[in-house]
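Reviewing the structure listed below.
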Amino acid sequence: MKLKGADILINCLLEQGVDTIFGYPGGAVLDIYDALYRNGKINHILTAHEQGAAHAADGYARATGKVGVCFATSGPGATNLVTGIATAFMDSIPMVAVTGNVGLNMLGRDSFQEVDIAGITMPITKHNYIVKDVKELAETVRRAFYIANSGRKGPVLIDILKNVQVAECEYLPQKPYPLKQLGIDTDRVRETADVINAAKKPLIIAGGGVISSGASAYLKELAKKLNAPVTYTLMGKGAISDGDERCIGMLGMHGTYTAAKALMASNVLIALGTRFSDRVALNRELFANGKKVIHIDIDNAEFDKNVKTSIRVLADIDTYLKTVLPMLNAKGTEWMEEVERYEEGEKLKTDTSIMAYKILKKASELAPRGNPVVADVGQHQMWTAQYFAAERPRQFLTSGGLGTMGYSMGAAIGAAFGTGKLVTAVVGDGCFNMNMNELSTAVTQGVPVVILLMNNSVLGMVRQWQKIFYARRFSQTTLDKKTDYVKFALSFGAKGLRIEREDEIEGVLKEAYSYAAEKCAPVLVDCRISCDENVLPMIKPGAAYDTQLEKMED
Amino acid sequence: MDDIKKYTIGALVSNKSGVLTRISGLFSRRGYNIESLTVCATEDDEISRMTIILKGDDYMLYQMIRQMDKLEDVKKIGCANELDCVYRELMLVKVRAGAQERNQIVQITEIYKAKVVDLSIDTMILELTGDPEKLDAFMAVIEPYGILEMQRTGVTVLARGKHTLKDRDCYGDHIN
């Protein structure tokens, strides 16, 4: 059948099973929005800003494992997606961003709202396309989904010229391309099995790759068989349940005391789907420090990029674990017993007096079990990673690689639409001020989200660094806004609550969660915390793991 | 940083606009410099061939090959250094040549098997094809006469014998 380009796009999205799109209309996508309207089968969420739409598509993808889709018009609409696309790129999140652009006869003439979005997004997408001919459109959309979802996942942008949207072309429905099945070198796997079998103290490091490959069940089995501790990177939180007896929490700059101790005591590292970012490795020469490093990753370019490995296996984590598990011998409990002694030490060292700890521990207890929790970027992000328990993969969502302040509001909306569940969003007051406009989207769309605004009136993490590295010269980190966030929430049509004292925590949180669930609506909780609460422990950038700070230095 | 060497990377890429930008972007974002770049059409209309000379260490080479290999538009990639290859480059050089120097320059040209392709009252254009080292050596000898302008095409390379880039595994396989 002959269809207009805009209708072909919508039909191709339906082929891929797209049920929700986050976006914002404009001049160069009028035909696409018209096709969406006439088709009526896809739920479109209108955000307040294109950045919110990109983060929502990202949150949807992280929470569901499906490809997130966002729409924007040309020019500023397209550039507003950029931060969201870069966020998805850094964390390997499958996303397809569709932008409109001026027609071919206007292209390159600095036309109104014309921008070279393909050029701009080249380094932050897996691939991108400019569609100039309607005959290429269907194939481009199908390829875009395939690329976004295959191998190491990531965002793909399709820029569709206005003339393509209105031109007609023959359209035949087609099934999505099957994803490429990556083989595995079993001899290499055998080599890793030999090293693991000989290892007295293996430490498993679970990265985001464990989650994107859906390998959590095998990870649990591996830890059980080896009686080995599992630490995770920020992106790997949820790969193993925080409640698992062998899970020792996060690794890295603000990782747990136990994970740091276990890393130093271990003799073999089993790194699964992790890229040894500078926030994990800190000092890439000293990180492994003579230990054997087994690195499994789906991206060949990650091997030896940051940390030198002893054996590497190019594979999907799921495939690797399935292959290696039968080759491994069960180990005794001596190593885990040693690690448990570190955990005892940890209990004494954790500062449970800070409000952030009390609020997030309580929220972790009161939030519906296993429901998504989104953390924005900064101190509250680290506190959430440390204190808010994740039970399952795809529960904890945060911008890890790019560290995008303002991520959480959009992502929470995306996660809520993806899962149909109540979402907790933990956000600092600095971050909230960047994308608070999306609270209006949450109200309009009836999104059940409890926003825990960790309000300390400062840019906490930057301030913490100023304390440590800049002799407490607090340059531009004191926000001191006069905003009344409870009234702000009310004015947006949301519920606003406040926690000022410790004895209010439980009551207010209970009220917030029950209101959000019953009314299917957002609740903003203004949590007043001190500007001098710090994220600890901490290892300074570039430092070795034996220099972990348990207290702030004076 | 390990030893600095010159590496020759060969790649078969889609013959589309934007491909060069994608590839050069991978180098520039890492602060790596492309010493020489040659792009041309191939026997297949849809494929272009790139030859990139990278000055750097092993780490830089592996990163660049692996990062380029991830691009949708890169079909095959390999490093030619481990293979026995033929390297060729073409150079045109316009040299100051009055009546007095002309004979000396022609003599040098003959020794290097270069050609005189243009002659005016006080200039000559010389053409030379050969491996990059030969071109460098020729330049050093001709330089004292005064070089007005010059241009080199960049390096082209093919492996001797049956090896082809299409059959990547045989072409200096740095991939895994």
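So you can find residues: chains in the structure tokens are A, B, ... in the order shown, residues in each start at 1, and ligands are numbered from 1 in order.
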Based on DSSP run over this structure's backbone, return all residues of region 15-209 of chain A in strand (DSSP E or B), as an MDAnalysis selection string. chainID A and resid 20:23 43:46 68:72 95:101 127:131 155:161 168:170 202:206
With N, CA, C and O atoms retained, write the just-selected residues as a compact mmCIF listing (two decimals), in the first residue's frame.
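New file selection28.txt:
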# COMPACT_ATOMS: atom_id res chain seq x y z
N THR A 20 4.81 3.66 23.57
CA THR A 20 4.86 4.98 24.19
C THR A 20 5.97 5.82 23.55
O THR A 20 7.06 5.32 23.33
N ILE A 21 5.65 7.07 23.28
CA ILE A 21 6.64 8.00 22.76
C ILE A 21 6.62 9.24 23.64
O ILE A 21 5.56 9.70 24.06
N PHE A 22 7.80 9.77 23.94
CA PHE A 22 7.90 11.01 24.70
C PHE A 22 8.37 12.09 23.75
O PHE A 22 9.31 11.87 22.99
N GLY A 23 7.70 13.22 23.73
CA GLY A 23 8.13 14.21 22.74
C GLY A 23 7.46 15.55 22.87
O GLY A 23 6.72 15.83 23.83
N ASN A 43 0.72 5.79 22.51
CA ASN A 43 0.53 6.76 23.57
C ASN A 43 1.66 7.78 23.50
O ASN A 43 2.82 7.41 23.59
N HIS A 44 1.32 9.04 23.30
CA HIS A 44 2.35 10.07 23.25
C HIS A 44 2.31 10.90 24.52
O HIS A 44 1.26 11.41 24.91
N ILE A 45 3.46 11.03 25.20
CA ILE A 45 3.54 11.82 26.42
C ILE A 45 4.20 13.15 26.08
O ILE A 45 5.37 13.20 25.70
N LEU A 46 3.42 14.20 26.24
CA LEU A 46 3.91 15.55 25.96
C LEU A 46 4.64 16.06 27.20
O LEU A 46 4.05 16.21 28.26
N GLY A 68 13.68 2.96 24.10
CA GLY A 68 12.91 4.17 24.38
C GLY A 68 12.85 5.04 23.14
O GLY A 68 13.80 5.08 22.37
N VAL A 69 11.72 5.73 22.95
CA VAL A 69 11.58 6.55 21.74
C VAL A 69 11.20 7.98 22.12
O VAL A 69 10.32 8.18 22.96
N CYS A 70 11.87 8.96 21.52
CA CYS A 70 11.47 10.35 21.73
C CYS A 70 11.43 11.09 20.39
O CYS A 70 12.12 10.74 19.45
N PHE A 71 10.57 12.10 20.36
CA PHE A 71 10.36 12.93 19.17
C PHE A 71 10.70 14.39 19.50
O PHE A 71 10.38 14.85 20.60
N ALA A 72 11.27 15.09 18.54
CA ALA A 72 11.44 16.53 18.70
C ALA A 72 11.46 17.17 17.32
O ALA A 72 11.77 16.51 16.32
N MET A 95 17.95 3.61 22.63
CA MET A 95 17.00 4.71 22.44
C MET A 95 16.98 5.07 20.96
O MET A 95 18.01 4.99 20.29
N VAL A 96 15.80 5.43 20.45
CA VAL A 96 15.72 5.98 19.10
C VAL A 96 15.11 7.37 19.22
O VAL A 96 14.01 7.53 19.74
N ALA A 97 15.87 8.37 18.78
CA ALA A 97 15.40 9.75 18.80
C ALA A 97 15.04 10.13 17.37
O ALA A 97 15.85 9.96 16.47
N VAL A 98 13.81 10.63 17.19
CA VAL A 98 13.38 11.04 15.86
C VAL A 98 13.24 12.55 15.85
O VAL A 98 12.55 13.13 16.69
N THR A 99 13.92 13.20 14.92
CA THR A 99 13.77 14.65 14.78
C THR A 99 13.29 14.95 13.37
O THR A 99 13.56 14.20 12.44
N GLY A 100 12.58 16.06 13.23
CA GLY A 100 12.24 16.53 11.90
C GLY A 100 13.29 17.53 11.46
O GLY A 100 14.03 18.05 12.29
N ASN A 101 13.35 17.78 10.18
CA ASN A 101 14.22 18.86 9.73
C ASN A 101 13.58 19.53 8.53
O ASN A 101 12.59 19.04 7.98
N HIS A 127 24.88 5.49 16.05
CA HIS A 127 24.83 5.82 14.64
C HIS A 127 23.70 6.82 14.45
O HIS A 127 22.81 6.90 15.28
N ASN A 128 23.75 7.59 13.39
CA ASN A 128 22.60 8.44 13.11
C ASN A 128 22.38 8.57 11.61
O ASN A 128 23.25 8.22 10.80
N TYR A 129 21.18 9.00 11.26
CA TYR A 129 20.78 9.06 9.86
C TYR A 129 20.13 10.40 9.54
O TYR A 129 19.43 10.97 10.37
N ILE A 130 20.34 10.86 8.32
CA ILE A 130 19.50 11.92 7.78
C ILE A 130 18.72 11.25 6.66
O ILE A 130 19.33 10.70 5.73
N VAL A 131 17.40 11.25 6.75
CA VAL A 131 16.61 10.61 5.70
C VAL A 131 16.18 11.66 4.69
O VAL A 131 15.42 12.58 5.03
N PRO A 155 22.00 4.91 21.90
CA PRO A 155 21.03 5.72 21.16
C PRO A 155 21.35 5.86 19.67
O PRO A 155 22.51 5.87 19.28
N VAL A 156 20.29 5.95 18.88
CA VAL A 156 20.40 6.20 17.44
C VAL A 156 19.46 7.36 17.12
O VAL A 156 18.35 7.41 17.66
N LEU A 157 19.90 8.28 16.30
CA LEU A 157 19.05 9.41 15.94
C LEU A 157 18.68 9.32 14.46
O LEU A 157 19.51 8.98 13.62
N ILE A 158 17.40 9.60 14.17
CA ILE A 158 16.95 9.66 12.78
C ILE A 158 16.42 11.06 12.52
O ILE A 158 15.45 11.50 13.16
N ASP A 159 17.04 11.77 11.62
CA ASP A 159 16.60 13.11 11.26
C ASP A 159 15.84 12.99 9.94
O ASP A 159 16.40 12.58 8.92
N ILE A 160 14.54 13.31 9.98
CA ILE A 160 13.70 13.09 8.80
C ILE A 160 13.32 14.44 8.18
O ILE A 160 12.66 15.26 8.83
N LEU A 161 13.74 14.66 6.96
CA LEU A 161 13.45 15.93 6.30
C LEU A 161 11.95 16.06 6.04
O LEU A 161 11.25 15.06 5.83
N GLU A 168 5.01 10.21 -0.80
CA GLU A 168 4.39 8.88 -0.69
C GLU A 168 5.31 7.80 -1.21
O GLU A 168 6.16 8.03 -2.08
N CYS A 169 5.10 6.61 -0.68
CA CYS A 169 5.96 5.50 -1.06
C CYS A 169 5.23 4.21 -0.71
O CYS A 169 4.38 4.18 0.18
N GLU A 170 5.57 3.14 -1.40
CA GLU A 170 5.00 1.82 -1.13
C GLU A 170 5.49 1.36 0.25
O GLU A 170 6.67 1.46 0.57
N PRO A 202 38.43 -14.91 44.81
CA PRO A 202 37.92 -14.18 43.63
C PRO A 202 36.88 -13.14 44.05
O PRO A 202 36.08 -13.37 44.94
N LEU A 203 36.94 -11.99 43.40
CA LEU A 203 35.93 -10.95 43.65
C LEU A 203 35.18 -10.71 42.35
O LEU A 203 35.80 -10.48 41.30
N ILE A 204 33.86 -10.77 42.43
CA ILE A 204 33.04 -10.54 41.24
C ILE A 204 32.64 -9.06 41.21
O ILE A 204 32.11 -8.53 42.19
N ILE A 205 32.91 -8.41 40.08
CA ILE A 205 32.49 -7.01 39.90
C ILE A 205 31.40 -7.00 38.83
O ILE A 205 31.65 -7.36 37.68
N ALA A 206 30.19 -6.62 39.23
CA ALA A 206 29.07 -6.62 38.29
C ALA A 206 28.84 -5.22 37.77
O ALA A 206 28.62 -4.29 38.55
Surrounding residues of Lys4 (chain A) excluding itself and chain neighbours under 4 positions, 12 Å, only C-alpha atoms, as a PyMOL selection string: chain A and resi 8-11+31-32+34-35+133-135+137-138+162-171
Preceding selection exported with C-alpha atoms as a PDB file, in the first residue's frame:
ATOM      1  CA  ILE A   8       5.374   4.944   7.264  1.00  0.00           C
ATOM      2  CA  LEU A   9       7.316   6.144  10.325  1.00  0.00           C
ATOM      3  CA  ILE A  10       4.382   5.464  12.662  1.00  0.00           C
ATOM      4  CA  ASN A  11       3.782   2.049  11.077  1.00  0.00           C
ATOM      5  CA  ASP A  31       3.197  15.796   9.572  1.00  0.00           C
ATOM      6  CA  ILE A  32       4.567  13.186  11.967  1.00  0.00           C
ATOM      7  CA  ASP A  34      -0.615  14.443  12.352  1.00  0.00           C
ATOM      8  CA  ALA A  35       0.103  10.817  11.466  1.00  0.00           C
ATOM      9  CA  ASP A 133      14.379  10.064   0.386  1.00  0.00           C
ATOM     10  CA  VAL A 134      11.095   8.491   1.479  1.00  0.00           C
ATOM     11  CA  LYS A 135      12.156   5.199  -0.129  1.00  0.00           C
ATOM     12  CA  LEU A 137      12.671   5.681   5.488  1.00  0.00           C
ATOM     13  CA  ALA A 138      11.268   2.278   6.472  1.00  0.00           C
ATOM     14  CA  LYS A 162      10.063  17.596   5.873  1.00  0.00           C
ATOM     15  CA  ASN A 163       9.767  16.529   2.216  1.00  0.00           C
ATOM     16  CA  VAL A 164      10.214  12.882   3.248  1.00  0.00           C
ATOM     17  CA  GLN A 165       7.351  13.157   5.735  1.00  0.00           C
ATOM     18  CA  VAL A 166       4.880  14.196   3.033  1.00  0.00           C
ATOM     19  CA  ALA A 167       6.157  12.155   0.064  1.00  0.00           C
ATOM     20  CA  GLU A 168       4.389   8.884  -0.686  1.00  0.00           C
ATOM     21  CA  CYS A 169       5.961   5.498  -1.059  1.00  0.00           C
ATOM     22  CA  GLU A 170       5.004   1.822  -1.126  1.00  0.00           C
ATOM     23  CA  TYR A 171       4.983   0.358   2.394  1.00  0.00           C
TER      24      TYR A 171
END
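Here CA of Phe27 (chain B) stands at a distance of 10.5 Å from CA of Leu61 (chain B).
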Run DSSP on the backbone and give me the residues of region 10-111 of chain A it puts in helix (DSSP H, G or I), as number ranges by chain. A: 10-15, 27-39, 50-64, 76-90
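Counting only C-alpha atoms, every residue of chain A that comes within 10 Å of chain B is listed here: Ala118, Gly119, Met122, Pro123, Lys126, His127, Asn128, Tyr129, Ile147, Gly151, Arg152, Asp299, Asn300, Ala301, Glu302, Phe303, Asp304, Lys305, Arg312, Val313 and Leu314 of chain A.
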Kindly export the residues of the current selection with C-alpha atoms, as a CSV table (one decimal), in the first residue's frame.
chain,number,residue,atom,x,y,z
A,118,ALA,CA,23.2,14.6,12.8
A,119,GLY,CA,26.5,16.4,12.8
A,122,MET,CA,27.6,12.1,15.8
A,123,PRO,CA,29.9,11.5,18.8
A,126,LYS,CA,25.9,4.7,18.1
A,127,HIS,CA,24.8,5.8,14.6
A,128,ASN,CA,22.6,8.4,13.1
A,129,TYR,CA,20.8,9.1,9.9
A,147,ILE,CA,21.5,-0.9,16.0
A,151,GLY,CA,25.6,-5.6,20.9
A,152,ARG,CA,26.5,-2.8,23.3
A,299,ASP,CA,32.4,-4.3,23.4
A,300,ASN,CA,35.8,-5.2,22.1
A,301,ALA,CA,37.0,-1.6,22.6
A,302,GLU,CA,36.6,-1.9,26.4
A,303,PHE,CA,39.4,-4.4,26.8
A,304,ASP,CA,42.6,-2.8,28.1
A,305,LYS,CA,41.1,0.6,27.6
A,312,ARG,CA,39.4,-11.2,28.1
A,313,VAL,CA,36.3,-12.8,26.6
A,314,LEU,CA,34.2,-11.0,24.0
